[in-house]
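Worksheet: the structure to be examined is printed underneath.
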Amino acid sequence: MEENFTNVETAWEGCLKYVRQRVNNLSYKTWFEPIKPVALREESLILKVPSQFFHDWLDEHYSTVISESVRSVLGENSKIEYIISEDDLSEPEQQFYRPPKSTDPSHIVEKASHKLHGSTAFESNLNPRYTFENFIKGDSNQFARAAAYAVANNPAGTAFNPLVIYGGVGLGKTHLVQAIGNFARQSRKAERVLYISSERFTVDFVEAIQKDRANEFSNFYRSMDILIVDDIQFFAGKEKTQDNFFHTFNALHQSGKQIVLSSDRPPKELKDVDERLISRFTWGLTVDIQPPDLETRIAILRKKSEDDGISIPEDVIEYIAANVTSNIRELEGSLISILAKASLSNREITVELAKEVIKSLAVSRRSTITVEDIQRAVAEVFDVSEEQMRGKTRKQEVVIARQTAMYLIKEMTKLPLKAIGSYFGGRDHSTVIYACQVIDDLISKSPHFKELYDRARKKIDMIGV
Ligand code: ADP
Ligand code: MG
């Protein structure tokens with residue numbers, strides 16, 4: 001049989017016939033059509049693939065079917081060798097505009113995604129509010145800021161690729177990673193910049209798969225000069241998404257594009273994230289942001305009040321800075337609440353007023369309160385069992401208790417909606433949103449409910465006092 005295939009083209013066609021019966025059409029088009037047979041040397045079929053990434057993907061997913069196909073056509077001892085021709089894929093931007101004479105299918109895929117997302121017109125998701133200018137420097141964030149600035153000035157041109165910024169909530173991670181994107185675009189260091197949260201990336205990926213658009217999805221992300229992914233800890237447990245992100249990461253890194261990531265903890269401590277992904281995350285530079293010290297907190301408060309054109313007495317600023325120590329979001333929140341209270345009650349901004357406001361805010365912020373504490377307290381007050389509340393029953397009194405617990409968890413913890421749902425037998429975030437609407441409504445309309453609600457709330461407030 002082997003004798004029939006003296007010609008490399010014919011041999012490869014024979015292999016493709018074999019492959020086509022074993023992989024689906026989309027995979028075939030994506031991963032096999034771009035392969036070019038180059039030569040037949042002794043027992044080796046030499047194939048050209050467009051990139052290292054492409055090669056790795058083939059190797060990981062299709063090595064068996066490829067070697068079987070080659071053996072079936074060229075005999076038991078035949079082998080495959082790959083040569084990698086980077087010039088085909090390394091410049092996705094130019095590829096969009098390559099003259100149409102090319103019939104390279106990978107080119108067609110690129111063009112499809114170009115049509116879908118546009119090569120210039122896509123939403124970068126950057127908030128112009130987040131800049132380096134209005135990011136206050138302090139000991140706690142100095143190093144992270146310097147690294148971010150270096151990256152913004154020279155995307156993919158430093159050893160900081162990826163740049164990973166990690167730290168607790170409200171410390172300025174989102175601000176800083178977006179400042180990179182804003183600066184790089186304004187200074188024309190990079191054109192295609194995309195900011196996305198890991199949660200959004202996941203949702204989009206799942207949707208792309210459902211709509212059979214995984215390729216377009218991948219191509220879109222791979223066409224970025226800077227890809228910024230916020231809160232990568234939420235990749236935890238999402239294996240398919242991680243797999244896709246792994247390959248996106250490799251493709252970008254390989255073609256000299258910048259990747260910026262944020263996380264609530266150091267990459268090595270990420271849970272339920274694939275080791276090989278974690279190892280990629282540590283390729284570049286990992287920097288942390290710490291809670292701001294007193295001087296930085298004072299500087300931030302001054303700047304914010306200046307920006308808002310409001311003059312706040314120095315002793316009030318110092319009082320807030322001394323008493324709201326956890327993070328910058330709460331610092332901002334306290335300032336806003338104090339200003340709101342002053343203007344609503346027509347009072348002057350004094351230390352006394354600040355004290356009142358901060359005290360009332362502090363109650364709702366105690367970080368010692370856990371989801372379980374809240375579920376237990378609500379279950380007691382509403383006289384249902386915790387199991388029922390977390391379970392599936394639709395009995396009216398259980399449903400109300402469940403919704404109340406969701407509402408209180410949302411109010412009293414900083415958990416994302418999805419996470420809250422997961423504490424109630426894996427309900428999704430829309431269920432939580434709905435619950436919050438119902439409870440809001442009940443609180444304002446039903447005095448009886450309001451009484452129960454207040455009792456639950458007080459019970460929780462007593463915890464850890
Ligand atoms: P994270 O993403 O770490 O949770 P954010 O970036 O959302 O935190 O920051 C919370 C808020 O605090 C934002 O409004 C941000 O602009 C502000 N902020 C954080 N760090 C600074 C800083 N160093 N200077 C000025 N504002 C800051
Ligand atoms: Mg953030």
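Going through the structure tokens in order, the chains are called A, B, and so on, while each chain numbers its residues from 1 and the ligands are numbered from 1 in the order shown.
Look at Tyr195 (chain A): the protein and nucleic acid residues within 8 Å of it, using only C-alpha atoms and passing over chain neighbours fewer than 4 places away, are Ser124, Asn125, Leu126, Gln178, Gly181, Leu227, Ile228, Val229 and Asp230 of chain A.
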### Near-region 318-326 of chain A list (8 Å; only C-alpha atoms; drop same-chain fewer than 2 positions) as a VMD selection string
chain A and resid 291 to 294 297 to 298 301 314 to 316 328 330 to 331 334 to 335 351 354 358
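Of the residues listed (A:Asp288, A:Pro267, A:Ile317, A:Asn153), A:Asp288 shows the shortest atom-to-atom separation from Ser140 (chain A); distances use only C-alpha atoms.
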### Task
Enumerate, as JSON, numbers by chain, the complete set of residues in region 130-331 of chain A that a backbone-based DSSP assignment places in helix (DSSP H, G or I).
{"A": [142, 143, 144, 145, 146, 147, 148, 149, 150, 151, 152, 153, 173, 174, 175, 176, 177, 178, 179, 180, 181, 182, 183, 184, 185, 186, 198, 199, 200, 201, 202, 203, 204, 205, 206, 207, 208, 209, 210, 214, 215, 216, 217, 218, 219, 220, 221, 222, 232, 233, 234, 235, 239, 240, 241, 242, 243, 244, 245, 246, 247, 248, 249, 250, 251, 252, 253, 254, 267, 268, 269, 275, 276, 277, 278, 279, 280, 281, 294, 295, 296, 297, 298, 299, 300, 301, 302, 303, 304, 305, 306, 307, 314, 315, 316, 317, 318, 319, 320, 321, 322, 323, 328, 329, 330, 331]}
### Task
For Leu252 (chain A), work out the shell of residues within 9 Å, counting only C-alpha atoms and skipping chain neighbours fewer than 5 positions away, then give it as a ChimeraX atom specification.
/A:221-227,247,257-259
Could you build a table of the residues in chain A lying no more than 7 Å from ligand 2, giving for each the nearest pair of atoms and their separation in Å rounded to one decimal place, using only C-alpha atoms and all ligand atoms, ordered by chain and ascending residue number, as JSON lines?
```
{"residue": "A:Val169", "atom": "CA", "partner": "ligand 2", "partner_atom_place_in_ligand_line": "1 (Mg)", "distance": 6.8}
{"residue": "A:Gly170", "atom": "CA", "partner": "ligand 2", "partner_atom_place_in_ligand_line": "1 (Mg)", "distance": 6.7}
{"residue": "A:Gly172", "atom": "CA", "partner": "ligand 2", "partner_atom_place_in_ligand_line": "1 (Mg)", "distance": 6.9}
{"residue": "A:Lys173", "atom": "CA", "partner": "ligand 2", "partner_atom_place_in_ligand_line": "1 (Mg)", "distance": 5.4}
{"residue": "A:Thr174", "atom": "CA", "partner": "ligand 2", "partner_atom_place_in_ligand_line": "1 (Mg)", "distance": 4.1}
{"residue": "A:Asp230", "atom": "CA", "partner": "ligand 2", "partner_atom_place_in_ligand_line": "1 (Mg)", "distance": 6.6}
{"residue": "A:Asp231", "atom": "CA", "partner": "ligand 2", "partner_atom_place_in_ligand_line": "1 (Mg)", "distance": 6.6}
```
Store the residues of this selection in a file with C-alpha atoms, as an mmCIF file, in the first residue's frame.
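As written to disk, out.cif reads:
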```cif
data_model
loop_
_atom_site.group_PDB
_atom_site.id
_atom_site.type_symbol
_atom_site.label_atom_id
_atom_site.label_comp_id
_atom_site.auth_asym_id
_atom_site.auth_seq_id
_atom_site.Cartn_x
_atom_site.Cartn_y
_atom_site.Cartn_z
ATOM 1 C CA VAL A 169 -9.816 43.624 48.294
ATOM 2 C CA GLY A 170 -10.022 47.331 47.733
ATOM 3 C CA GLY A 172 -6.072 49.222 44.086
ATOM 4 C CA LYS A 173 -5.432 46.173 41.908
ATOM 5 C CA THR A 174 -8.135 46.967 39.390
ATOM 6 C CA ASP A 230 -8.590 40.819 36.658
ATOM 7 C CA ASP A 231 -9.179 38.562 39.647
#
```
### Task
Could you pull out the residues sitting within 7 Å of ligand 1, using only C-alpha atoms and all ligand atoms, and write them as number ranges by chain?
A: 130, 134-137, 141, 167-176, 300, 328-329, 332
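You will find CA of Val260 (chain A) at 9.9 Å from CA of Leu285 (chain A).
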### Task
Kindly indicate which residue among A:Lys48, A:Lys29, A:Lys341, A:His448 lies nearest to Trp12 (chain A), using only C-alpha atoms for the distances.
A:Lys48
### Surrounding residues of Lys189 (chain A) excluding itself and chain neighbours under 5 positions, 7 Å, only C-alpha atoms, as a list in words
Asn153, Asn154, Pro155 and Ala184 of chain A
Take the residues just selected and output them with C-alpha atoms as a short mmCIF file (atom, residue, chain, number, x, y, z; two decimals), in the first residue's frame.
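selection32.cif, freshly written:
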```cif
data_model
loop_
_atom_site.label_atom_id
_atom_site.label_comp_id
_atom_site.auth_asym_id
_atom_site.auth_seq_id
_atom_site.Cartn_x
_atom_site.Cartn_y
_atom_site.Cartn_z
CA ASN A 153 5.72 52.18 28.98
CA ASN A 154 7.10 49.15 27.31
CA PRO A 155 4.47 46.45 26.85
CA ALA A 184 -0.39 52.28 26.97
#
```
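Across the model, the gap from CA of Asn24 (chain A) to CA of Lys36 (chain A) is 19.5 Å.
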### Interatomic distance, CA of Gly157 (chain A) to CA of Asn215 (chain A) (Å, one decimal)
27.9 Å
#### Entry: Residues near Arg455 (chain A), cut-off 10 Å, only C-alpha atoms, skip fewer than 6 positions along chain, as a PyMOL selection string
chain A and resi 377-378+381-382+449+461
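When only C-alpha atoms are used to measure the gap to Gly284 (chain A), the shortest distance among A:Arg402, A:Arg129, A:His253, A:Lys392 belongs to A:His253.
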### Message
Need the shell around Asn182 (chain A): protein/DNA/RNA residues with any atom at most 9 Å away, counting only C-alpha atoms. Skip same-chain ones fewer than 4 positions apart. Format as number ranges by chain?
### Response
A: 126-128, 130-132, 152, 177-178, 186-187, 193
Which residues are close to region 418-432 of chain A, i.e. within 12 Å by only C-alpha atoms, leaving aside same-chain residues fewer than 2 positions away? Reply as a tab-separated table (two decimals) with all heavy atoms, in the first residue's frame.
```tsv
chain	number	residue	atom	x	y	z
A	199	GLU	N	-14.08	36.27	35.56
A	199	GLU	CA	-15.46	35.76	35.55
A	199	GLU	C	-16.12	36.00	34.19
A	199	GLU	O	-16.79	35.14	33.64
A	199	GLU	CB	-16.30	36.44	36.63
A	199	GLU	CG	-15.91	36.01	38.02
A	199	GLU	CD	-16.34	37.01	39.06
A	199	GLU	OE1	-15.90	38.17	38.99
A	199	GLU	OE2	-17.13	36.64	39.95
A	200	ARG	N	-15.89	37.18	33.67
A	200	ARG	CA	-16.46	37.52	32.37
A	200	ARG	C	-15.82	36.66	31.26
A	200	ARG	O	-16.51	36.18	30.35
A	200	ARG	CB	-16.22	39.00	32.13
A	200	ARG	CG	-16.70	39.54	30.83
A	200	ARG	CD	-18.22	39.57	30.75
A	200	ARG	NE	-18.62	39.63	29.36
A	200	ARG	CZ	-18.62	40.75	28.64
A	200	ARG	NH1	-18.32	41.89	29.20
A	200	ARG	NH2	-18.96	40.72	27.38
A	203	VAL	N	-17.55	33.34	31.41
A	203	VAL	CA	-18.91	33.37	30.86
A	203	VAL	C	-18.86	33.44	29.33
A	203	VAL	O	-19.57	32.71	28.63
A	203	VAL	CB	-19.69	34.58	31.44
A	203	VAL	CG1	-21.00	34.78	30.70
A	203	VAL	CG2	-19.95	34.37	32.92
A	234	PHE	N	-10.78	33.66	40.42
A	234	PHE	CA	-12.08	33.08	40.06
A	234	PHE	C	-11.99	32.08	38.90
A	234	PHE	O	-13.01	31.52	38.49
A	234	PHE	CB	-13.09	34.19	39.72
A	234	PHE	CG	-13.41	35.06	40.90
A	234	PHE	CD1	-13.28	36.44	40.84
A	234	PHE	CD2	-13.82	34.49	42.11
A	234	PHE	CE1	-13.55	37.24	41.94
A	234	PHE	CE2	-14.10	35.28	43.21
A	234	PHE	CZ	-13.96	36.67	43.12
A	236	ALA	N	-10.65	29.43	39.55
A	236	ALA	CA	-10.60	28.20	40.36
A	236	ALA	C	-11.69	27.21	39.95
A	236	ALA	O	-12.87	27.57	39.86
A	236	ALA	CB	-10.75	28.55	41.84
A	370	THR	N	-19.16	35.11	59.04
A	370	THR	CA	-19.05	34.18	57.92
A	370	THR	C	-20.43	33.92	57.33
A	370	THR	O	-21.46	34.23	57.95
A	370	THR	CB	-18.47	32.83	58.37
A	370	THR	OG1	-19.42	32.21	59.25
A	370	THR	CG2	-17.14	33.00	59.08
A	371	VAL	N	-20.42	33.34	56.16
A	371	VAL	CA	-21.67	32.95	55.51
A	371	VAL	C	-22.47	32.02	56.41
A	371	VAL	O	-23.68	32.15	56.57
A	371	VAL	CB	-21.35	32.25	54.17
A	371	VAL	CG1	-22.58	31.58	53.61
A	371	VAL	CG2	-20.78	33.25	53.18
A	372	GLU	N	-21.76	31.09	57.03
A	372	GLU	CA	-22.45	30.13	57.90
A	372	GLU	C	-23.10	30.82	59.09
A	372	GLU	O	-24.21	30.47	59.49
A	372	GLU	CB	-21.48	29.04	58.39
A	372	GLU	CG	-21.11	28.02	57.31
A	372	GLU	CD	-20.07	28.55	56.33
A	372	GLU	OE1	-19.46	29.63	56.60
A	372	GLU	OE2	-19.88	27.93	55.26
A	374	ILE	N	-24.35	33.74	59.17
A	374	ILE	CA	-25.57	34.41	58.69
A	374	ILE	C	-26.66	33.38	58.42
A	374	ILE	O	-27.81	33.55	58.83
A	374	ILE	CB	-25.26	35.24	57.42
A	374	ILE	CG1	-24.26	36.35	57.77
A	374	ILE	CG2	-26.55	35.83	56.84
A	374	ILE	CD1	-23.76	37.16	56.59
A	375	GLN	N	-26.29	32.29	57.78
A	375	GLN	CA	-27.29	31.25	57.52
A	375	GLN	C	-27.89	30.72	58.83
A	375	GLN	O	-29.10	30.54	58.93
A	375	GLN	CB	-26.66	30.09	56.74
A	375	GLN	CG	-26.35	30.47	55.28
A	375	GLN	CD	-25.72	29.32	54.51
A	375	GLN	OE1	-25.02	28.49	55.07
A	375	GLN	NE2	-25.95	29.30	53.20
A	386	GLU	N	-31.13	24.76	58.75
A	386	GLU	CA	-30.11	25.22	57.80
A	386	GLU	C	-30.07	24.34	56.56
A	386	GLU	O	-29.83	24.82	55.46
A	386	GLU	CB	-28.73	25.24	58.47
A	386	GLU	CG	-28.57	26.37	59.47
A	386	GLU	CD	-27.24	26.27	60.19
A	386	GLU	OE1	-26.20	26.38	59.53
A	386	GLU	OE2	-27.26	26.06	61.43
A	387	GLU	N	-30.31	23.04	56.77
A	387	GLU	CA	-30.29	22.11	55.63
A	387	GLU	C	-31.39	22.49	54.63
A	387	GLU	O	-31.15	22.53	53.43
A	387	GLU	CB	-30.51	20.66	56.08
A	387	GLU	CG	-29.32	20.01	56.76
A	387	GLU	CD	-29.12	20.57	58.17
A	387	GLU	OE1	-30.07	21.17	58.73
A	387	GLU	OE2	-28.02	20.42	58.70
A	388	GLN	N	-32.57	22.76	55.19
A	388	GLN	CA	-33.68	23.17	54.30
A	388	GLN	C	-33.31	24.41	53.51
A	388	GLN	O	-33.55	24.52	52.32
A	388	GLN	CB	-34.93	23.46	55.14
A	388	GLN	CG	-35.67	22.24	55.60
A	388	GLN	CD	-36.87	22.65	56.44
A	388	GLN	OE1	-36.78	23.52	57.30
A	388	GLN	NE2	-38.00	22.01	56.20
A	389	MET	N	-32.68	25.34	54.24
A	389	MET	CA	-32.36	26.61	53.61
A	389	MET	C	-31.37	26.43	52.46
A	389	MET	O	-31.46	27.09	51.44
A	389	MET	CB	-31.78	27.55	54.66
A	389	MET	CG	-31.83	28.97	54.27
A	389	MET	SD	-31.70	30.02	55.70
A	389	MET	CE	-30.02	29.74	56.13
A	390	ARG	N	-30.45	25.50	52.65
A	390	ARG	CA	-29.46	25.27	51.59
A	390	ARG	C	-29.97	24.30	50.52
A	390	ARG	O	-29.37	24.14	49.48
A	390	ARG	CB	-28.16	24.74	52.20
A	390	ARG	CG	-27.40	25.80	52.97
A	390	ARG	CD	-26.02	25.31	53.36
A	390	ARG	NE	-26.06	24.48	54.54
A	390	ARG	CZ	-25.75	24.92	55.77
A	390	ARG	NH1	-25.38	26.16	55.93
A	390	ARG	NH2	-25.80	24.13	56.80
A	391	GLY	N	-31.10	23.66	50.85
A	391	GLY	CA	-31.60	22.61	49.95
A	391	GLY	C	-32.54	23.13	48.87
A	391	GLY	O	-32.51	24.30	48.51
A	392	LYS	N	-33.38	22.22	48.41
A	392	LYS	CA	-34.16	22.54	47.22
A	392	LYS	C	-35.63	22.90	47.49
A	392	LYS	O	-36.34	23.32	46.59
A	392	LYS	CB	-34.15	21.34	46.26
A	392	LYS	CG	-32.79	21.04	45.67
A	392	LYS	CD	-32.92	20.69	44.20
A	392	LYS	CE	-31.58	20.34	43.55
A	392	LYS	NZ	-30.51	21.27	43.84
A	393	THR	N	-36.06	22.69	48.73
A	393	THR	CA	-37.50	22.83	48.98
A	393	THR	C	-38.01	24.23	48.62
A	393	THR	O	-37.30	25.23	48.77
A	393	THR	CB	-37.85	22.51	50.46
A	393	THR	OG1	-39.25	22.74	50.63
A	393	THR	CG2	-37.10	23.40	51.42
A	399	VAL	N	-38.35	29.38	51.55
A	399	VAL	CA	-37.91	30.25	50.46
A	399	VAL	C	-37.58	31.66	50.99
A	399	VAL	O	-36.54	32.23	50.68
A	399	VAL	CB	-38.98	30.33	49.34
A	399	VAL	CG1	-38.61	31.41	48.32
A	399	VAL	CG2	-39.10	28.98	48.65
A	401	ALA	N	-36.80	32.52	54.05
A	401	ALA	CA	-35.59	32.47	54.89
A	401	ALA	C	-34.35	32.43	54.00
A	401	ALA	O	-33.37	33.14	54.23
A	401	ALA	CB	-35.64	31.24	55.79
A	402	ARG	N	-34.42	31.62	52.97
A	402	ARG	CA	-33.29	31.48	52.05
A	402	ARG	C	-32.96	32.83	51.39
A	402	ARG	O	-31.82	33.26	51.33
A	402	ARG	CB	-33.66	30.44	50.99
A	402	ARG	CG	-32.54	30.05	50.06
A	402	ARG	CD	-33.05	29.07	49.01
A	402	ARG	NE	-33.40	27.77	49.56
A	402	ARG	CZ	-34.48	27.06	49.19
A	402	ARG	NH1	-35.31	27.54	48.27
A	402	ARG	NH2	-34.74	25.90	49.75
A	403	GLN	N	-34.02	33.48	50.94
A	403	GLN	CA	-33.80	34.77	50.26
A	403	GLN	C	-33.26	35.82	51.22
A	403	GLN	O	-32.42	36.63	50.85
A	403	GLN	CB	-35.11	35.24	49.62
A	403	GLN	CG	-35.50	34.37	48.43
A	403	GLN	CD	-36.86	34.72	47.84
A	403	GLN	OE1	-37.75	35.16	48.58
A	403	GLN	NE2	-37.02	34.53	46.55
A	404	THR	N	-33.75	35.76	52.46
A	404	THR	CA	-33.25	36.72	53.45
A	404	THR	C	-31.76	36.48	53.71
A	404	THR	O	-30.97	37.43	53.80
A	404	THR	CB	-34.04	36.58	54.78
A	404	THR	OG1	-35.42	36.69	54.48
A	404	THR	CG2	-33.63	37.64	55.77
A	405	ALA	N	-31.41	35.21	53.84
A	405	ALA	CA	-29.99	34.90	54.09
A	405	ALA	C	-29.13	35.39	52.93
A	405	ALA	O	-28.07	35.98	53.13
A	405	ALA	CB	-29.82	33.40	54.31
A	406	MET	N	-29.61	35.15	51.70
A	406	MET	CA	-28.83	35.62	50.54
A	406	MET	C	-28.64	37.13	50.59
A	406	MET	O	-27.56	37.66	50.37
A	406	MET	CB	-29.56	35.26	49.24
A	406	MET	CG	-29.51	33.79	48.90
A	406	MET	SD	-30.45	33.50	47.37
A	406	MET	CE	-30.13	31.75	47.12
A	407	TYR	N	-29.73	37.79	50.89
A	407	TYR	CA	-29.71	39.25	50.96
A	407	TYR	C	-28.71	39.74	52.01
A	407	TYR	O	-27.87	40.61	51.74
A	407	TYR	CB	-31.12	39.74	51.29
A	407	TYR	CG	-31.28	41.24	51.39
A	407	TYR	CD1	-31.56	42.01	50.28
A	407	TYR	CD2	-31.15	41.88	52.63
A	407	TYR	CE1	-31.72	43.38	50.37
A	407	TYR	CE2	-31.31	43.25	52.74
A	407	TYR	CZ	-31.60	44.00	51.61
A	407	TYR	OH	-31.75	45.36	51.71
A	408	LEU	N	-28.77	39.14	53.19
A	408	LEU	CA	-27.88	39.57	54.26
A	408	LEU	C	-26.42	39.24	53.95
A	408	LEU	O	-25.52	40.00	54.29
A	408	LEU	CB	-28.30	38.93	55.60
A	408	LEU	CG	-29.52	39.60	56.24
A	408	LEU	CD1	-30.10	38.73	57.35
A	408	LEU	CD2	-29.12	40.97	56.81
A	409	ILE	N	-26.21	38.12	53.31
A	409	ILE	CA	-24.84	37.77	52.94
A	409	ILE	C	-24.31	38.79	51.95
A	409	ILE	O	-23.17	39.25	52.05
A	409	ILE	CB	-24.76	36.33	52.36
A	409	ILE	CG1	-25.07	35.32	53.47
A	409	ILE	CG2	-23.39	36.06	51.76
A	409	ILE	CD1	-25.32	33.91	52.98
A	410	LYS	N	-25.17	39.17	51.03
A	410	LYS	CA	-24.72	40.18	50.06
A	410	LYS	C	-24.42	41.51	50.77
A	410	LYS	O	-23.43	42.16	50.47
A	410	LYS	CB	-25.80	40.39	48.99
A	410	LYS	CG	-25.39	41.44	47.99
A	410	LYS	CD	-26.31	41.46	46.79
A	410	LYS	CE	-26.04	42.69	45.94
A	410	LYS	NZ	-26.49	43.93	46.58
A	411	GLU	N	-25.28	41.86	51.73
A	411	GLU	CA	-25.07	43.12	52.44
A	411	GLU	C	-23.83	43.10	53.32
A	411	GLU	O	-23.13	44.10	53.45
A	411	GLU	CB	-26.29	43.40	53.35
A	411	GLU	CG	-27.55	43.76	52.61
A	411	GLU	CD	-27.48	45.18	52.05
A	411	GLU	OE1	-27.46	46.11	52.86
A	411	GLU	OE2	-27.42	45.32	50.82
A	412	MET	N	-23.59	41.97	53.96
A	412	MET	CA	-22.61	41.96	55.05
A	412	MET	C	-21.27	41.38	54.68
A	412	MET	O	-20.32	41.50	55.45
A	412	MET	CB	-23.20	41.22	56.25
A	412	MET	CG	-24.53	41.81	56.69
A	412	MET	SD	-25.22	41.05	58.14
A	412	MET	CE	-24.42	41.99	59.43
A	413	THR	N	-21.19	40.70	53.56
A	413	THR	CA	-19.88	40.19	53.14
A	413	THR	C	-19.62	40.81	51.78
A	413	THR	O	-20.48	41.43	51.20
A	413	THR	CB	-19.88	38.66	53.00
A	413	THR	OG1	-20.66	38.31	51.86
A	413	THR	CG2	-20.42	37.97	54.23
A	414	LYS	N	-18.44	40.59	51.29
A	414	LYS	CA	-18.16	41.16	49.97
A	414	LYS	C	-18.17	40.07	48.90
A	414	LYS	O	-17.57	40.21	47.84
A	414	LYS	CB	-16.82	41.86	49.96
A	414	LYS	CG	-16.86	43.11	50.78
A	414	LYS	CD	-15.62	43.92	50.54
A	414	LYS	CE	-15.45	44.95	51.62
A	414	LYS	NZ	-15.23	44.31	52.93
A	415	LEU	N	-18.86	39.01	49.21
A	415	LEU	CA	-18.83	37.89	48.26
A	415	LEU	C	-19.52	38.26	46.95
A	415	LEU	O	-20.56	38.92	46.95
A	415	LEU	CB	-19.56	36.70	48.86
A	415	LEU	CG	-18.79	35.88	49.89
A	415	LEU	CD1	-19.69	34.80	50.44
A	415	LEU	CD2	-17.55	35.29	49.27
A	416	PRO	N	-18.97	37.80	45.84
A	416	PRO	CA	-19.67	37.96	44.57
A	416	PRO	C	-20.96	37.12	44.55
A	416	PRO	O	-21.05	36.11	45.26
A	416	PRO	CB	-18.69	37.45	43.52
A	416	PRO	CG	-17.54	36.87	44.25
A	416	PRO	CD	-17.67	37.15	45.71
A	434	TYR	N	-32.43	38.09	42.21
A	434	TYR	CA	-33.88	38.07	42.40
A	434	TYR	C	-34.23	38.11	43.89
A	434	TYR	O	-35.09	38.88	44.32
A	434	TYR	CB	-34.47	36.83	41.72
A	434	TYR	CG	-35.96	36.71	41.90
A	434	TYR	CD1	-36.83	37.59	41.26
A	434	TYR	CD2	-36.50	35.73	42.74
A	434	TYR	CE1	-38.19	37.50	41.45
A	434	TYR	CE2	-37.86	35.62	42.93
A	434	TYR	CZ	-38.71	36.51	42.28
A	434	TYR	OH	-40.06	36.42	42.46
A	435	ALA	N	-33.52	37.28	44.67
A	435	ALA	CA	-33.77	37.24	46.12
A	435	ALA	C	-33.61	38.63	46.72
A	435	ALA	O	-34.44	39.06	47.53
A	435	ALA	CB	-32.80	36.26	46.78
A	436	CYS	N	-32.57	39.34	46.30
A	436	CYS	CA	-32.32	40.66	46.88
A	436	CYS	C	-33.45	41.64	46.54
A	436	CYS	O	-33.83	42.46	47.37
A	436	CYS	CB	-30.97	41.19	46.41
A	436	CYS	SG	-29.60	40.20	47.05
A	437	GLN	N	-33.98	41.50	45.33
A	437	GLN	CA	-35.11	42.37	44.96
A	437	GLN	C	-36.33	42.09	45.83
A	437	GLN	O	-36.99	43.00	46.34
A	437	GLN	CB	-35.49	42.16	43.49
A	437	GLN	CG	-34.48	42.78	42.53
A	437	GLN	CD	-34.67	42.29	41.10
A	437	GLN	OE1	-35.43	41.36	40.85
A	437	GLN	NE2	-33.95	42.90	40.17
A	438	VAL	N	-36.60	40.80	46.00
A	438	VAL	CA	-37.76	40.40	46.80
A	438	VAL	C	-37.64	40.95	48.22
A	438	VAL	O	-38.58	41.53	48.78
A	438	VAL	CB	-37.89	38.86	46.85
A	438	VAL	CG1	-38.93	38.42	47.87
A	438	VAL	CG2	-38.22	38.32	45.47
A	439	ILE	N	-36.45	40.79	48.80
A	439	ILE	CA	-36.28	41.19	50.20
A	439	ILE	C	-36.34	42.73	50.34
A	439	ILE	O	-36.97	43.24	51.26
A	439	ILE	CB	-34.96	40.63	50.78
A	439	ILE	CG1	-34.98	39.09	50.74
A	439	ILE	CG2	-34.72	41.11	52.21
A	439	ILE	CD1	-36.16	38.44	51.45
```
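Across A:Ala362, A:Val8, A:Ile35, A:Val19, the tightest approach to Ser67 (chain A) is made by A:Val19 when counting only C-alpha atoms.
For region 190-251 of chain A, a DSSP pass over the backbone yields strand (DSSP E) at Val193, Leu194, Tyr195, Ile196, Ser197, Ile226, Leu227, Ile228, Val229 and Asp230 of chain A.
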